[in-house]
Amino acid sequence: RTRNATTSSVTVPTALERLGDFTQSVVQGPVIVNDPTNGNPFPGNKIPALQLNNAALTLANYYPLPNAPGSRLNYQTALVSVSNQDNLNARLNQSIGKKDRLSGGVGWQRSSGVNPNIFSFIDQTSNYGVNANVSWSHTFSKRLIQNASFNFSRSRTDLTPYFATLNQNVAQQLGIQNTSPLPQDWGPPNLSFTNFAGLTDGVASLSRIQNTGFNYGLNFIRAKHQWSFGTGYSRQQLNPRTDPNGRGAFTFTGGTPGAPFPTGYDFADFLLDKPAVASIR
């Protein structure tokens, strides 16, 4: 049973910035936000309310409010991740008569954990696994020995992001098109900024791996020499299920592509719905 605590310090938008008011924004000096249609600073360094994107205003509310002084690294929080692991193993070795020997083992593993982030999105992970093996050795004579073995293993790893447990299709509610319709992929899109912490959550994934193998061999000994002959068969099954970009991803830099002039500030681009890079499913 393990608990790990870390302190995270990041930069989040202020209450004024979320409303398009950059009168108090500082990045190596006062921030001046320009109107992308004409290149002139917005009056009063504020984006008019009618130009603000409704989806951006909603997504901005997922950010916690600053709780530390200054304009950089203005939010600090303690994150505690929890992991649990259980293992059970058994082994058997047995001689049958003078010429036969049996050995084998079985193992079972289980683990789970929770991993929060600065947005209080708590993702859950779980893993189950089983492995077994058995071998048989038979001595025909001092010169000829037979060995046969069989092994099997299977594991299942599941990551369930926070929004998959809420049954809330955030992207659909915000009008973001071409996102995954599957409930395990629901949630806000991934947002990346130059000056702020990115908005992100874990990606749902399910992986099932199974291995089966059989080996047979003969050892022939004569004088100072030994010859080995054998054959083997193995099968590996990999069954993953994931959509690495099911919610979409958007990057904001302040360059304001597609507009005649740049705003000069990444969060202004975000509020105006002007991503530098947009990646959808």
# chains A, B, ... in the order shown; residues from 1 in each chain; ligands from 1

call {"tool": "closest_atom_pairs", "arguments": {"of": "stretch 97-132 of chain A", "to": "stretch 185-202 of chain A", "cutoff": "10 Å", "atoms": "only C-alpha atoms", "output": "tab-separated table"}}
result
residue	atom	partner	partner_atom	distance
A:Asn115	CA	A:Gly202	CA	9.3
A:Pro116	CA	A:Asp201	CA	9.3
A:Asn117	CA	A:Asp201	CA	8.0
A:Ile118	CA	A:Leu199	CA	9.2
A:Phe119	CA	A:Leu199	CA	8.0
A:Ser120	CA	A:Asp201	CA	9.8
A:Phe121	CA	A:Asp201	CA	6.8
A:Ile122	CA	A:Asp201	CA	8.6
A:Asp123	CA	A:Gly202	CA	6.6
A:Gln124	CA	A:Gly202	CA	9.2

call {"tool": "closest_atom_pairs", "arguments": {"of": "stretch 147-224 of chain A", "to": "stretch 231-251 of chain A", "cutoff": "10 Å", "atoms": "only C-alpha atoms", "output": "Markdown table"}}
result
| residue | atom | partner | partner_atom | distance |
| --- | --- | --- | --- | --- |
| A:Ala148 | CA | A:Gly232 | CA | 9.6 |
| A:Ser149 | CA | A:Gly232 | CA | 9.4 |
| A:Phe150 | CA | A:Tyr233 | CA | 9.6 |
| A:Asn151 | CA | A:Ser234 | CA | 9.2 |
| A:Phe152 | CA | A:Ser234 | CA | 9.7 |
| A:Ser153 | CA | A:Gln236 | CA | 9.6 |
| A:Arg154 | CA | A:Gln237 | CA | 9.2 |
| A:Arg156 | CA | A:Asn239 | CA | 9.4 |
| A:Thr157 | CA | A:Pro240 | CA | 9.4 |
| A:Asp158 | CA | A:Arg241 | CA | 9.6 |
| A:Leu159 | CA | A:Thr242 | CA | 9.7 |
| A:Asn169 | CA | A:Arg247 | CA | 9.8 |
| A:Val170 | CA | A:Arg247 | CA | 9.1 |
| A:Ala171 | CA | A:Arg247 | CA | 7.0 |
| A:Gln172 | CA | A:Arg247 | CA | 10.0 |
| A:Ile176 | CA | A:Gly248 | CA | 8.6 |
| A:Gln177 | CA | A:Gly248 | CA | 9.1 |
| A:Asn178 | CA | A:Gly248 | CA | 8.2 |
| A:Thr179 | CA | A:Arg247 | CA | 5.3 |
| A:Ser180 | CA | A:Gly246 | CA | 4.8 |
| A:Pro181 | CA | A:Gly246 | CA | 8.4 |
| A:Leu182 | CA | A:Gly246 | CA | 8.6 |
| A:Gln184 | CA | A:Gly246 | CA | 9.2 |
| A:Asp185 | CA | A:Gly246 | CA | 5.7 |
| A:Trp186 | CA | A:Arg247 | CA | 6.6 |
| A:Gly187 | CA | A:Arg247 | CA | 6.6 |
| A:Pro188 | CA | A:Arg247 | CA | 6.5 |
| A:Pro189 | CA | A:Arg247 | CA | 4.8 |
| A:Asn190 | CA | A:Ala249 | CA | 4.5 |
| A:Leu191 | CA | A:Phe250 | CA | 5.1 |
| A:Ser192 | CA | A:Thr251 | CA | 4.6 |
| A:Phe193 | CA | A:Thr251 | CA | 6.1 |
| A:Thr194 | CA | A:Thr251 | CA | 8.5 |
| A:Gly198 | CA | A:Thr251 | CA | 9.0 |
| A:Leu199 | CA | A:Ala249 | CA | 9.8 |
| A:Thr200 | CA | A:Ala249 | CA | 9.2 |
| A:Asp201 | CA | A:Arg247 | CA | 9.8 |
| A:Gly202 | CA | A:Pro244 | CA | 9.5 |
| A:Val203 | CA | A:Pro244 | CA | 6.3 |
| A:Ala204 | CA | A:Thr242 | CA | 6.1 |
| A:Ser205 | CA | A:Thr242 | CA | 4.6 |
| A:Leu206 | CA | A:Arg241 | CA | 5.1 |
| A:Ser207 | CA | A:Pro240 | CA | 4.3 |
| A:Arg208 | CA | A:Asn239 | CA | 5.0 |
| A:Ile209 | CA | A:Leu238 | CA | 4.8 |
| A:Gln210 | CA | A:Gln237 | CA | 5.1 |
| A:Asn211 | CA | A:Gln236 | CA | 4.5 |
| A:Thr212 | CA | A:Arg235 | CA | 5.2 |
| A:Gly213 | CA | A:Ser234 | CA | 4.0 |
| A:Phe214 | CA | A:Tyr233 | CA | 5.2 |
| A:Asn215 | CA | A:Gly232 | CA | 4.2 |
| A:Tyr216 | CA | A:Thr231 | CA | 5.5 |
| A:Gly217 | CA | A:Thr231 | CA | 6.4 |
| A:Leu218 | CA | A:Thr231 | CA | 9.4 |

call {"tool": "closest_residue", "arguments": {"among": "A:Lys99, A:His225, A:Arg3, A:Lys142", "to": "A:Ser81", "atoms": "only C-alpha atoms"}}
result
A:Arg3

call {"tool": "atom_distance", "arguments": {"atom1": "atom CA of A:Phe229", "atom2": "atom CA of A:Asn133"}}
result
21.2 Å

call {"tool": "select_by_dssp", "arguments": {"residues": "stretch 143-181 of chain A", "states": "alpha helix (DSSP H)", "output": "MDAnalysis selection string"}}
result
chainID A and resid 170:174

call {"tool": "atom_distance", "arguments": {"atom1": "atom CA of A:Gln173", "atom2": "atom CA of A:Thr58"}}
result
10.1 Å

call {"tool": "closest_residue", "arguments": {"among": "A:Asn93, A:Leu79, A:Asp273, A:Pro260", "to": "A:Asn40", "atoms": "only C-alpha atoms"}}
result
A:Pro260

call {"tool": "residues_around", "arguments": {"residues": "stretch 30-36 of chain A", "least_positions_apart": "6", "cutoff": "6 Å", "atoms": "only C-alpha atoms", "output": "number ranges by chain"}}
result
A: 42, 259, 261-264

call {"tool": "write_last_selection", "arguments": {"atoms": "all heavy atoms", "output": "short mmCIF file (atom, residue, chain, number, x, y, z; two decimals), in the first residue's frame"}}
result
data_model
loop_
_atom_site.label_atom_id
_atom_site.label_comp_id
_atom_site.auth_asym_id
_atom_site.auth_seq_id
_atom_site.Cartn_x
_atom_site.Cartn_y
_atom_site.Cartn_z
N PHE A 42 -6.98 46.20 -27.78
CA PHE A 42 -8.38 46.29 -27.39
C PHE A 42 -8.57 47.49 -26.45
O PHE A 42 -7.70 47.76 -25.61
CB PHE A 42 -8.83 45.01 -26.68
CG PHE A 42 -9.15 43.87 -27.61
CD1 PHE A 42 -8.31 42.77 -27.71
CD2 PHE A 42 -10.31 43.90 -28.38
CE1 PHE A 42 -8.61 41.72 -28.56
CE2 PHE A 42 -10.62 42.85 -29.24
CZ PHE A 42 -9.77 41.76 -29.33
N ALA A 259 -5.99 34.94 -38.67
CA ALA A 259 -6.44 36.32 -38.47
C ALA A 259 -5.42 37.27 -39.07
O ALA A 259 -4.23 36.95 -39.17
CB ALA A 259 -6.61 36.60 -36.98
N PHE A 261 -4.02 39.84 -37.81
CA PHE A 261 -3.00 40.28 -36.87
C PHE A 261 -3.02 39.35 -35.65
O PHE A 261 -4.06 38.82 -35.26
CB PHE A 261 -3.25 41.72 -36.41
CG PHE A 261 -3.27 42.72 -37.53
CD1 PHE A 261 -4.47 43.08 -38.12
CD2 PHE A 261 -2.09 43.28 -38.00
CE1 PHE A 261 -4.50 44.00 -39.17
CE2 PHE A 261 -2.11 44.20 -39.04
CZ PHE A 261 -3.31 44.55 -39.62
N PRO A 262 -1.87 39.15 -34.99
CA PRO A 262 -1.83 38.32 -33.78
C PRO A 262 -2.29 39.12 -32.55
O PRO A 262 -2.08 40.33 -32.47
CB PRO A 262 -0.35 37.94 -33.67
CG PRO A 262 0.38 39.08 -34.31
CD PRO A 262 -0.52 39.56 -35.43
N THR A 263 -2.90 38.41 -31.62
CA THR A 263 -3.28 39.06 -30.36
C THR A 263 -2.07 39.28 -29.46
O THR A 263 -2.06 40.19 -28.64
CB THR A 263 -4.32 38.23 -29.59
OG1 THR A 263 -3.72 36.98 -29.19
CG2 THR A 263 -5.55 37.95 -30.45
N GLY A 264 -1.07 38.39 -29.60
CA GLY A 264 0.12 38.50 -28.78
C GLY A 264 0.03 37.80 -27.45
O GLY A 264 0.99 37.84 -26.66
#

call {"tool": "atom_distance", "arguments": {"atom1": "atom CA of A:Thr77", "atom2": "atom CA of A:Thr7"}}
result
5.7 Å

call {"tool": "select_by_dssp", "arguments": {"residues": "stretch 108-274 of chain A", "states": "strand (DSSP E or B)", "output": "MDAnalysis selection string"}}
result
chainID A and resid 108:116 122:139 144:160 190:193 199 205:222 225:242 249:252

call {"tool": "closest_residue", "arguments": {"among": "A:Thr23, A:Asn61, A:Ser228, A:Thr125", "to": "A:Asn45", "atoms": "only C-alpha atoms"}}
result
A:Thr23

call {"tool": "closest_residue", "arguments": {"among": "A:Asn219, A:Thr2, A:Ser155, A:Phe163", "to": "A:Arg143", "atoms": "only C-alpha atoms"}}
result
A:Asn219

call {"tool": "residues_around", "arguments": {"residues": "A:Ala276", "least_positions_apart": "6", "cutoff": "7 Å", "atoms": "only C-alpha atoms", "output": "PDB file with N, CA and C atoms, in the first residue's frame"}}
result
ATOM      1  N   THR A 251      -3.960  23.865 -29.287  1.00  0.00           N
ATOM      2  CA  THR A 251      -2.787  24.589 -28.791  1.00  0.00           C
ATOM      3  C   THR A 251      -2.941  26.072 -29.094  1.00  0.00           C
ATOM      4  N   PHE A 252      -2.639  26.894 -28.079  1.00  0.00           N
ATOM      5  CA  PHE A 252      -2.763  28.349 -28.210  1.00  0.00           C
ATOM      6  C   PHE A 252      -1.420  28.993 -27.886  1.00  0.00           C
ATOM      7  N   THR A 253      -0.966  29.872 -28.773  1.00  0.00           N
ATOM      8  CA  THR A 253       0.366  30.468 -28.628  1.00  0.00           C
ATOM      9  C   THR A 253       0.370  31.994 -28.617  1.00  0.00           C
ATOM     10  N   GLY A 255      -0.127  33.589 -31.481  1.00  0.00           N
ATOM     11  CA  GLY A 255       0.152  33.934 -32.865  1.00  0.00           C
ATOM     12  C   GLY A 255      -1.087  34.195 -33.696  1.00  0.00           C
ATOM     13  N   THR A 256      -2.255  33.691 -33.224  1.00  0.00           N
ATOM     14  CA  THR A 256      -3.553  33.924 -33.852  1.00  0.00           C
ATOM     15  C   THR A 256      -3.550  33.608 -35.345  1.00  0.00           C
ATOM     16  N   PRO A 257      -3.312  32.358 -35.720  1.00  0.00           N
ATOM     17  CA  PRO A 257      -3.343  32.005 -37.151  1.00  0.00           C
ATOM     18  C   PRO A 257      -4.741  32.182 -37.729  1.00  0.00           C
TER      19      PRO A 257
END

call {"tool": "residues_around", "arguments": {"residues": "A:Ser137", "least_positions_apart": "6", "cutoff": "9 Å", "atoms": "only C-alpha atoms", "output": "PDB file with N, CA and C atoms, in the first residue's frame"}}
result
ATOM      1  N   LYS A  99      12.129 -41.960 -12.247  1.00  0.00           N
ATOM      2  CA  LYS A  99      12.387 -41.466 -13.599  1.00  0.00           C
ATOM      3  C   LYS A  99      11.574 -40.217 -13.973  1.00  0.00           C
ATOM      4  N   ASP A 100      10.612 -39.829 -13.153  1.00  0.00           N
ATOM      5  CA  ASP A 100       9.753 -38.704 -13.523  1.00  0.00           C
ATOM      6  C   ASP A 100       9.786 -37.612 -12.456  1.00  0.00           C
ATOM      7  N   ARG A 101       9.786 -36.392 -12.927  1.00  0.00           N
ATOM      8  CA  ARG A 101       9.762 -35.233 -12.036  1.00  0.00           C
ATOM      9  C   ARG A 101       8.776 -34.213 -12.590  1.00  0.00           C
ATOM     10  N   LEU A 102       7.921 -33.712 -11.714  1.00  0.00           N
ATOM     11  CA  LEU A 102       6.947 -32.687 -12.069  1.00  0.00           C
ATOM     12  C   LEU A 102       7.246 -31.417 -11.278  1.00  0.00           C
ATOM     13  N   SER A 103       7.081 -30.293 -11.930  1.00  0.00           N
ATOM     14  CA  SER A 103       7.231 -29.009 -11.242  1.00  0.00           C
ATOM     15  C   SER A 103       6.286 -28.006 -11.898  1.00  0.00           C
ATOM     16  N   ILE A 145      17.223 -38.067 -21.904  1.00  0.00           N
ATOM     17  CA  ILE A 145      16.312 -37.405 -20.970  1.00  0.00           C
ATOM     18  C   ILE A 145      15.328 -36.551 -21.776  1.00  0.00           C
ATOM     19  N   GLN A 146      14.070 -36.637 -21.394  1.00  0.00           N
ATOM     20  CA  GLN A 146      13.006 -35.889 -22.067  1.00  0.00           C
ATOM     21  C   GLN A 146      12.495 -34.774 -21.156  1.00  0.00           C
ATOM     22  N   ASN A 147      12.226 -33.586 -21.742  1.00  0.00           N
ATOM     23  CA  ASN A 147      11.669 -32.461 -20.994  1.00  0.00           C
ATOM     24  C   ASN A 147      10.510 -31.855 -21.780  1.00  0.00           C
ATOM     25  N   ALA A 148       9.416 -31.588 -21.092  1.00  0.00           N
ATOM     26  CA  ALA A 148       8.256 -30.943 -21.707  1.00  0.00           C
ATOM     27  C   ALA A 148       7.717 -29.892 -20.742  1.00  0.00           C
ATOM     28  N   SER A 149       7.282 -28.754 -21.287  1.00  0.00           N
ATOM     29  CA  SER A 149       6.772 -27.689 -20.425  1.00  0.00           C
ATOM     30  C   SER A 149       5.654 -26.928 -21.120  1.00  0.00           C
TER      31      SER A 149
END
